[in-house]
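The next block is upload.tsv, given as TSV, C-alpha atoms.
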chain	number	residue	atom	x	y	z
W	1	MET	CA	-42.84	-50.31	129.46
W	2	GLY	CA	-45.82	-48.45	128.24
W	3	SER	CA	-47.48	-48.77	124.86
W	4	ARG	CA	-45.71	-45.60	123.72
W	5	GLY	CA	-42.38	-47.27	124.35
W	6	ALA	CA	-43.47	-50.26	122.32
W	7	ARG	CA	-44.45	-47.99	119.44
W	8	LEU	CA	-40.99	-46.35	119.47
W	9	ARG	CA	-39.22	-49.65	119.38
W	10	ALA	CA	-41.42	-50.93	116.58
W	11	ARG	CA	-40.71	-47.81	114.49
W	12	SER	CA	-36.99	-48.11	114.98
W	13	GLY	CA	-37.07	-51.83	114.26
W	14	ASN	CA	-34.74	-52.53	117.13
W	15	ALA	CA	-36.27	-54.28	120.08
W	16	PHE	CA	-33.25	-53.50	122.27
W	17	ALA	CA	-32.94	-49.74	121.64
W	18	PRO	CA	-33.42	-47.76	124.81
W	19	ILE	CA	-36.48	-45.57	124.79
W	20	GLY	CA	-35.63	-41.95	123.84
W	21	ALA	CA	-32.01	-42.80	122.90
W	22	ARG	CA	-30.61	-40.92	119.95
W	23	ARG	CA	-29.47	-43.11	117.18
W	24	GLU	CA	-25.79	-42.35	116.63
W	25	LYS	CA	-24.83	-41.61	113.09
W	26	ARG	CA	-21.90	-43.75	112.01
W	27	MET	CA	-18.83	-41.79	110.98
W	28	LYS	CA	-17.87	-42.75	107.46
W	29	LYS	CA	-14.23	-43.74	107.23
W	30	THR	CA	-12.63	-41.57	104.44
W	31	VAL	CA	-9.09	-42.85	103.98
W	32	SER	CA	-7.05	-45.70	105.37
W	33	VAL	CA	-3.29	-45.36	105.25
W	34	LEU	CA	-1.16	-48.44	105.15
W	35	VAL	CA	2.65	-48.46	105.08
W	36	GLN	CA	4.33	-51.66	104.05
W	37	ILE	CA	8.06	-52.00	104.63
W	38	ASP	CA	9.61	-53.98	101.80
W	39	SER	CA	13.38	-54.20	101.66
W	40	SER	CA	13.30	-55.04	97.94
W	41	CYS	CA	11.84	-51.62	97.05
W	42	ASP	CA	14.35	-49.13	95.67
W	43	SER	CA	12.00	-46.20	96.00
W	44	PRO	CA	8.58	-45.73	97.56
W	45	ASP	CA	5.62	-46.90	95.50
W	46	VAL	CA	2.35	-45.16	96.24
W	47	ILE	CA	-0.72	-47.17	95.23
W	48	ILE	CA	-4.15	-45.67	95.80
W	49	ARG	CA	-6.98	-48.19	95.90
W	50	THR	CA	-10.37	-46.68	95.23
W	51	ASN	CA	-13.58	-47.53	93.45
W	52	LYS	CA	-13.57	-44.26	91.49
W	53	ARG	CA	-11.54	-41.10	91.02
W	54	THR	CA	-13.00	-38.46	93.21
W	55	ALA	CA	-11.83	-35.00	94.20
W	56	LEU	CA	-10.38	-36.51	97.37
W	57	VAL	CA	-8.35	-39.00	95.36
W	58	GLU	CA	-7.05	-36.20	93.13
W	59	ASN	CA	-6.04	-34.18	96.18
W	60	ILE	CA	-4.16	-37.15	97.59
W	61	VAL	CA	-2.35	-37.64	94.29
W	62	ARG	CA	-1.35	-33.98	94.18
W	63	ALA	CA	-0.18	-34.04	97.76
W	64	VAL	CA	2.05	-37.03	97.05
W	65	GLU	CA	3.42	-35.40	93.90
W	66	GLN	CA	4.12	-32.22	95.84
W	67	CYS	CA	6.12	-34.17	98.38
W	68	VAL	CA	8.08	-35.88	95.61
W	69	GLN	CA	8.85	-32.59	93.91
W	70	GLU	CA	9.98	-31.01	97.12
W	71	GLU	CA	12.29	-33.96	97.63
W	72	ALA	CA	13.86	-33.54	94.17
W	73	PRO	CA	17.43	-32.54	94.83
W	74	TYR	CA	18.79	-29.21	93.91
W	75	VAL	CA	21.52	-28.95	91.33
W	76	THR	CA	24.82	-27.27	92.07
W	77	VAL	CA	25.95	-25.00	89.27
W	78	TYR	CA	28.54	-22.29	88.92
W	79	GLN	CA	28.87	-18.77	87.67
W	80	GLY	CA	32.56	-18.16	87.50
W	81	ASP	CA	33.87	-19.44	90.83
W	82	ALA	CA	30.62	-18.83	92.67
W	83	ALA	CA	28.55	-21.94	93.36
W	84	HIS	CA	24.76	-21.80	93.28
W	85	ARG	CA	22.12	-24.34	94.22
W	86	ILE	CA	19.16	-24.08	91.90
W	87	ARG	CA	15.89	-25.94	91.91
W	88	GLN	CA	15.43	-28.43	89.12
W	89	GLN	CA	12.11	-26.90	88.17
W	90	ASP	CA	13.87	-23.60	87.46
W	91	ILE	CA	16.03	-25.16	84.77
W	92	LEU	CA	14.87	-24.59	81.21
W	93	ARG	CA	17.49	-26.65	79.45
W	94	VAL	CA	20.96	-28.07	79.73
W	95	HIS	CA	23.23	-28.17	76.72
W	96	THR	CA	26.85	-28.65	75.86
W	97	GLU	CA	29.23	-26.17	74.36
W	98	PRO	CA	32.86	-26.84	73.62
W	99	ARG	CA	34.30	-28.17	76.88
W	100	LYS	CA	31.33	-26.91	78.90
W	101	VAL	CA	27.90	-27.96	80.10
W	102	ILE	CA	25.60	-24.95	80.26
W	103	VAL	CA	22.53	-24.87	82.49
W	104	ARG	CA	20.03	-22.29	81.37
W	105	THR	CA	17.36	-20.90	83.67
W	106	ALA	CA	15.00	-17.96	83.30
W	107	SER	CA	17.33	-15.93	85.50
W	108	GLY	CA	20.58	-16.67	83.71
W	109	LEU	CA	23.26	-19.05	82.52
W	110	TYR	CA	25.27	-21.32	84.72
W	111	GLU	CA	27.90	-23.92	84.19
W	112	ALA	CA	27.74	-27.47	85.47
W	113	ARG	CA	31.08	-29.04	86.29
W	114	CYS	CA	30.17	-32.52	85.26
W	115	PRO	CA	29.47	-34.27	81.96
W	116	LEU	CA	26.01	-34.01	80.48
W	117	ARG	CA	25.40	-37.72	80.99
W	118	GLU	CA	26.15	-37.43	84.71
W	119	LEU	CA	23.84	-34.45	85.08
W	120	GLU	CA	21.13	-36.29	83.18
W	121	GLU	CA	21.20	-39.06	85.78
W	122	ALA	CA	20.75	-36.54	88.57
W	123	LEU	CA	17.77	-34.79	86.99
W	124	ASP	CA	14.16	-35.85	87.50
W	125	ALA	CA	13.43	-38.37	84.74
W	126	ASP	CA	9.74	-37.41	84.69
W	127	ARG	CA	10.48	-33.80	83.92
W	128	PHE	CA	13.64	-33.79	81.85
W	129	GLN	CA	14.04	-35.30	78.42
W	130	ARG	CA	16.98	-35.50	76.06
W	131	ILE	CA	16.20	-33.91	72.71
W	132	SER	CA	19.53	-34.32	70.98
W	133	ARG	CA	23.03	-35.64	71.65
W	134	PHE	CA	23.90	-32.33	73.21
W	135	GLU	CA	20.80	-31.14	74.99
W	136	ILE	CA	18.27	-31.97	77.71
W	137	VAL	CA	15.14	-29.90	78.31
W	138	ASN	CA	12.65	-29.42	81.14
W	139	ILE	CA	9.32	-30.52	79.72
W	140	SER	CA	7.36	-28.44	82.21
W	141	ARG	CA	9.02	-25.27	80.88
W	142	ILE	CA	8.16	-25.96	77.23
W	143	ALA	CA	5.45	-23.71	75.81
W	144	SER	CA	5.08	-25.43	72.46
W	145	PHE	CA	6.73	-27.26	69.60
W	146	ASP	CA	6.94	-25.85	66.10
W	147	PHE	CA	7.81	-27.42	62.75
W	148	SER	CA	9.04	-25.07	60.04
W	149	VAL	CA	9.36	-25.43	56.26
W	150	SER	CA	13.09	-25.93	56.69
W	151	GLY	CA	12.19	-29.15	58.44
W	152	THR	CA	13.52	-28.30	61.88
W	153	ILE	CA	11.52	-29.03	65.01
W	154	LYS	CA	11.73	-26.07	67.33
W	155	VAL	CA	11.10	-26.15	71.07
W	156	ILE	CA	9.79	-22.85	72.42
W	157	PHE	CA	10.12	-22.29	76.16
W	158	ASP	CA	7.83	-20.23	78.33
W	159	ASP	CA	10.41	-17.44	78.55
W	160	GLY	CA	10.41	-17.10	74.75
W	161	SER	CA	13.76	-18.75	74.14
W	162	SER	CA	13.97	-21.71	71.81
W	163	THR	CA	16.10	-24.59	70.70
W	164	TRP	CA	15.66	-27.44	68.23
W	165	VAL	CA	14.90	-31.13	68.53
W	166	ALA	CA	16.83	-33.80	66.65
W	167	ARG	CA	14.37	-35.75	64.53
W	168	ARG	CA	15.51	-39.07	65.91
W	169	TYR	CA	14.48	-38.03	69.43
W	170	VAL	CA	10.88	-37.24	68.46
W	171	ARG	CA	9.68	-40.69	69.45
W	172	ALA	CA	11.44	-40.46	72.80
W	173	ILE	CA	9.76	-37.13	73.50
W	174	GLN	CA	6.36	-38.58	72.59
W	175	GLN	CA	6.97	-41.45	74.99
W	176	ALA	CA	8.01	-39.04	77.73
W	177	LEU	CA	4.84	-37.00	77.28
W	178	ASN	CA	2.75	-40.16	77.41
W	179	ARG	CA	4.67	-41.83	80.20
W	180	THR	CA	2.78	-40.45	83.20
W	181	LYS	CA	-0.53	-40.92	81.38
W	182	GLY	CA	0.26	-44.62	80.86
W	183	ALA	CA	1.09	-45.11	84.53
W	184	LYS	CA	-2.10	-43.44	85.66
W	185	GLU	CA	-4.24	-45.39	83.25
W	186	GLY	CA	-2.73	-48.56	84.66
W	187	GLU	CA	-3.96	-47.60	88.06
W	188	GLN	CA	-7.58	-47.21	86.96
F	1	MET	CA	30.89	-37.37	64.01
F	2	ASN	CA	33.01	-40.52	64.22
F	3	GLY	CA	29.87	-42.60	64.46
F	4	LEU	CA	28.41	-40.91	61.40
F	5	TRP	CA	31.51	-41.55	59.31
F	6	LYS	CA	31.52	-45.21	60.31
F	7	ARG	CA	27.87	-45.50	59.43
F	8	ALA	CA	28.51	-43.73	56.12
F	9	ALA	CA	31.31	-46.18	55.35
F	10	ARG	CA	29.08	-49.18	56.09
F	11	LEU	CA	26.29	-47.80	53.93
F	12	ALA	CA	28.80	-46.98	51.18
F	13	VAL	CA	29.88	-50.62	51.03
F	14	ILE	CA	26.26	-51.71	50.70
F	15	GLY	CA	25.68	-49.03	48.07
F	16	ALA	CA	28.71	-50.13	46.10
F	17	ALA	CA	27.39	-53.70	46.09
F	18	ILE	CA	24.00	-52.51	44.87
F	19	GLY	CA	25.67	-50.37	42.20
F	20	LEU	CA	27.63	-53.40	41.06
F	21	LEU	CA	24.48	-55.52	40.79
F	22	ILE	CA	22.68	-52.83	38.80
F	23	ALA	CA	25.63	-52.36	36.46
F	24	LEU	CA	25.89	-56.12	35.91
F	25	GLY	CA	22.16	-56.23	35.31
F	26	PHE	CA	22.44	-53.62	32.58
F	27	LEU	CA	25.37	-55.45	31.02
F	28	LEU	CA	23.36	-58.67	31.10
F	29	PHE	CA	20.82	-57.07	28.82
F	30	GLU	CA	23.67	-56.08	26.52
F	31	HIS	CA	23.59	-52.40	27.30
F	32	ARG	CA	27.33	-52.14	27.10
F	33	PRO	CA	28.69	-48.62	26.82
F	34	GLU	CA	30.46	-48.00	23.56
F	35	THR	CA	32.70	-45.45	25.19
F	36	PHE	CA	33.31	-44.41	28.75
F	37	LEU	CA	35.78	-41.84	30.03
F	38	GLY	CA	37.46	-41.90	26.66
F	39	ALA	CA	38.02	-45.65	26.79
F	40	ARG	CA	36.44	-48.23	24.52
F	41	GLY	CA	35.60	-51.91	24.57
F	42	GLY	CA	36.34	-53.92	27.69
F	43	LEU	CA	38.02	-51.02	29.46
F	44	ALA	CA	34.93	-48.86	28.98
F	45	THR	CA	32.80	-51.63	30.48
F	46	ALA	CA	35.11	-52.01	33.45
F	47	LEU	CA	35.16	-48.28	34.06
F	48	TYR	CA	31.39	-48.16	33.76
F	49	VAL	CA	31.01	-50.90	36.40
F	50	LEU	CA	33.50	-49.11	38.63
F	51	TYR	CA	31.63	-45.84	38.27
F	52	CYS	CA	28.30	-47.52	39.15
F	53	CYS	CA	29.89	-48.93	42.31
F	54	LEU	CA	31.20	-45.50	43.27
F	55	PHE	CA	27.86	-43.89	42.51
F	56	GLY	CA	26.06	-46.50	44.63
F	57	ALA	CA	28.51	-45.88	47.47
F	58	ALA	CA	27.94	-42.12	47.30
F	59	ALA	CA	24.16	-42.45	47.17
F	60	MET	CA	23.87	-44.89	50.08
F	61	GLY	CA	26.66	-43.39	52.15
F	62	GLY	CA	25.17	-39.95	51.59
F	63	GLN	CA	22.05	-41.00	53.49
F	64	VAL	CA	23.83	-40.14	56.72
F	65	VAL	CA	23.07	-36.49	56.00
F	66	TYR	CA	19.61	-37.28	57.35
F	67	GLU	CA	21.21	-38.20	60.65
F	68	ILE	CA	23.11	-34.97	61.17
F	69	GLU	CA	21.22	-33.56	64.14
F	70	ASP	CA	21.54	-29.88	63.41
F	71	TRP	CA	20.44	-30.24	59.80
F	72	GLY	CA	16.78	-29.74	59.03
F	73	LEU	CA	14.87	-32.16	56.84
F	74	THR	CA	14.94	-29.80	53.85
F	75	ARG	CA	18.68	-29.26	54.01
F	76	ALA	CA	19.37	-32.98	54.32
F	77	THR	CA	17.05	-33.78	51.41
F	78	LEU	CA	18.56	-31.10	49.17
F	79	THR	CA	22.08	-32.31	49.98
F	80	HIS	CA	21.30	-35.92	49.19
F	81	PHE	CA	19.48	-34.80	46.04
F	82	ALA	CA	22.54	-32.83	44.93
F	83	ILE	CA	24.85	-35.81	45.56
F	84	THR	CA	22.76	-38.26	43.59
F	85	LEU	CA	21.77	-35.86	40.81
F	86	GLY	CA	25.38	-34.86	40.36
F	87	GLY	CA	26.34	-38.48	40.11
F	88	PHE	CA	23.57	-39.24	37.63
F	89	CYS	CA	24.37	-36.26	35.42
F	90	LEU	CA	28.03	-37.23	35.37
F	91	LEU	CA	27.07	-40.79	34.44
F	92	TRP	CA	24.84	-39.57	31.63
F	93	TYR	CA	27.63	-37.36	30.37
F	94	LEU	CA	30.18	-40.14	30.45
F	95	LEU	CA	27.79	-42.44	28.62
F	96	GLY	CA	27.10	-39.77	26.04
F	97	LEU	CA	23.47	-39.50	27.12
F	98	PHE	CA	23.66	-35.98	28.49
F	99	ARG	CA	21.61	-34.17	25.85
F	100	PRO	CA	19.87	-31.09	27.20
F	101	GLY	CA	18.23	-30.61	23.83
F	102	ASP	CA	16.49	-33.95	24.14
F	103	LEU	CA	12.99	-33.99	25.61
F	104	VAL	CA	13.57	-37.43	27.16
F	105	PHE	CA	16.46	-36.00	29.13
F	106	TRP	CA	14.21	-33.36	30.67
F	107	ILE	CA	11.45	-35.85	31.39
F	108	ILE	CA	13.89	-38.07	33.24
F	109	LEU	CA	15.31	-35.09	35.10
F	110	ALA	CA	11.84	-33.85	36.05
F	111	SER	CA	10.88	-37.33	37.27
F	112	TYR	CA	14.00	-37.39	39.40
F	113	VAL	CA	13.19	-34.01	40.94
F	114	ALA	CA	9.56	-35.06	41.48
F	115	ALA	CA	10.63	-38.25	43.23
F	116	TYR	CA	12.76	-36.35	45.70
F	117	PHE	CA	10.05	-33.77	46.23
F	118	ILE	CA	7.54	-36.50	47.03
F	119	ILE	CA	9.95	-38.14	49.47
F	120	TRP	CA	10.50	-34.78	51.16
F	121	LEU	CA	6.79	-34.01	51.23
F	122	ILE	CA	5.85	-37.34	52.80
F	123	GLN	CA	8.45	-36.93	55.53
F	124	PHE	CA	7.52	-33.28	56.05
F	125	LEU	CA	3.82	-34.06	56.49
F	126	SER	CA	4.64	-36.96	58.80
F	127	TYR	CA	6.75	-34.82	61.11
F	128	LYS	CA	4.20	-32.01	60.98
F	129	ARG	CA	1.52	-34.40	62.17
F	130	GLN	CA	3.78	-35.70	64.90
F	131	VAL	CA	4.59	-32.20	66.12
F	132	ARG	CA	0.89	-31.33	66.19
F	133	GLN	CA	0.28	-34.43	68.28
F	134	MET	CA	3.19	-33.54	70.57
F	135	ASN	CA	1.67	-30.15	71.24
F	136	LYS	CA	-1.62	-31.78	72.24
F	137	GLU	CA	0.19	-34.27	74.46
F	138	LEU	CA	2.22	-31.45	76.00
F	139	GLN	CA	-0.94	-29.62	77.06
F	140	LYS	CA	-2.35	-32.81	78.56
F	141	TRP	CA	0.96	-33.46	80.31
F	142	LYS	CA	0.93	-29.98	81.81
F	143	SER	CA	-2.67	-30.28	82.97
F	144	ARG	CA	-1.67	-33.40	84.91
F	145	GLN	CA	1.19	-31.62	86.67
F	146	ARG	CA	1.04	-29.47	89.76
F	147	PRO	CA	2.01	-25.88	88.99
F	148	ASP	CA	5.54	-25.03	90.19
What's the structure tokens form of this structure?
Amino acid sequence: MGSRGARLRARSGNAFAPIGARREKRMKKTVSVLVQIDSSCDSPDVIIRTNKRTALVENIVRAVEQCVQEEAPYVTVYQGDAAHRIRQQDILRVHTEPRKVIVRTASGLYEARCPLRELEEALDADRFQRISRFEIVNISRIASFDFSVSGTIKVIFDDGSSTWVARRYVRAIQQALNRTKGAKEGEQ
Amino acid sequence: MNGLWKRAARLAVIGAAIGLLIALGFLLFEHRPETFLGARGGLATALYVLYCCLFGAAAMGGQVVYEIEDWGLTRATLTHFAITLGGFCLLWYLLGLFRPGDLVFWIILASYVAAYFIIWLIQFLSYKRQVRQMNKELQKWKSRQRPD
């Protein structure tokens, strides 16, 4: 080994590095995925461990949410005798009329052939919220709430239609709007 | 509606008991009515107590109007106000106190109206604040969701 070789090793600080060898850059591991099978789980829990919320973490969260939404079952509704399968996210609201359960979407009215309570159990609990004894709404399709001098709380949907909220369900709606926020704060 | 009627009945019983206590309280301070519904003496007193019980029942039982889901706050408040004011005016009349020419009568009436207005206003402002907060929370909720 010549003196030049000794100088290289001294600079690199590694007495065993071959002369002229390129130092390999270590690949930084981005994400580890671990699947734990637990028979006591009713539904999958996704827990993301990280030291801070980065854009990558947000993308992972969105990807998981997208998968969940795509898994959300369709709802079978009827127009006359014709059956239709509609996506839950297309539903604006579901309400009862005498002897009927009406499912309202932006494209039209349908009838559900089951009681409101049964339909409520089938709908995504994170998106749908009961606003009175007779009505359930899709939170993601609400444009705004309004409170008039007559003392009624109006729900205005993004297609311009509206309905009203029973005052005793105001707290439940507030909890529904805060629900996801609470879960996410718990993760931080 | 069955649930509302049952609740109204329960509240009416409580209201009748409160009416009875108030009537007995007035009698304790020797404010016996001289005449009531054309009766005098002990019968007038008994009728007066009975009326107070009925009035209490109507006032408390009438609170269920606030629980009717398709009634707005203003309609519920006006209805309850009408029930109780009607009952009060009838009581004044039966006790011989209904004197529209008397300033005291109008002061009491105005105080009654003001009390209901304040109750309505407090509830109105409370719900208004809650709705404003709900709109803010709704926007935050939507920003957390993936667009459909």
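Around the coordinate (9.8, -37.1, 66.4), residues that reach within 9 Å when counting only C-alpha atoms are Ile153, Val165, Ala166, Arg167, Arg168, Tyr169, Val170, Arg171, Ala172, Ile173 and Gln174 of chain W; Tyr127, Gln130, Val131 and Met134 of chain F.
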For this session: Name the residues in contact with stretch 30-46 of chain F at a cut-off of 9 Å, using all atoms listed in the file, excluding same-chain residues fewer than 6 positions from it; report them as a ChimeraX atom specification.
Result: /F:94-96
So that each row is one residue of chain F with an atom at most 7 Å from chain W, can you give its shortest atom pair and the distance in Å to one decimal, using only C-alpha atoms, rows by chain and rising number, as CSV?
residue,atom,partner,partner_atom,distance
F:Glu69,CA,W:Ala166,CA,5.1
F:Asp70,CA,W:Ala166,CA,6.9
F:Gly72,CA,W:Thr152,CA,4.6
F:Leu73,CA,W:Gly151,CA,4.3
F:Thr74,CA,W:Ser150,CA,5.1
F:Phe124,CA,W:Gly151,CA,6.7
F:Lys128,CA,W:Phe147,CA,6.1
F:Val131,CA,W:Phe145,CA,6.4
F:Met134,CA,W:Gln174,CA,6.3
F:Asn135,CA,W:Ser144,CA,5.9
F:Glu137,CA,W:Leu177,CA,6.1
F:Leu138,CA,W:Leu177,CA,6.3
F:Trp141,CA,W:Leu177,CA,6.1
F:Lys142,CA,W:Ser140,CA,6.6
F:Arg146,CA,W:Arg62,CA,6.8
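Each of W:Asp159, W:Glu97, W:Glu111, W:Glu58 was checked against F:Gln145 using only C-alpha atoms; the smallest atom-to-atom distance is that of W:Glu58.
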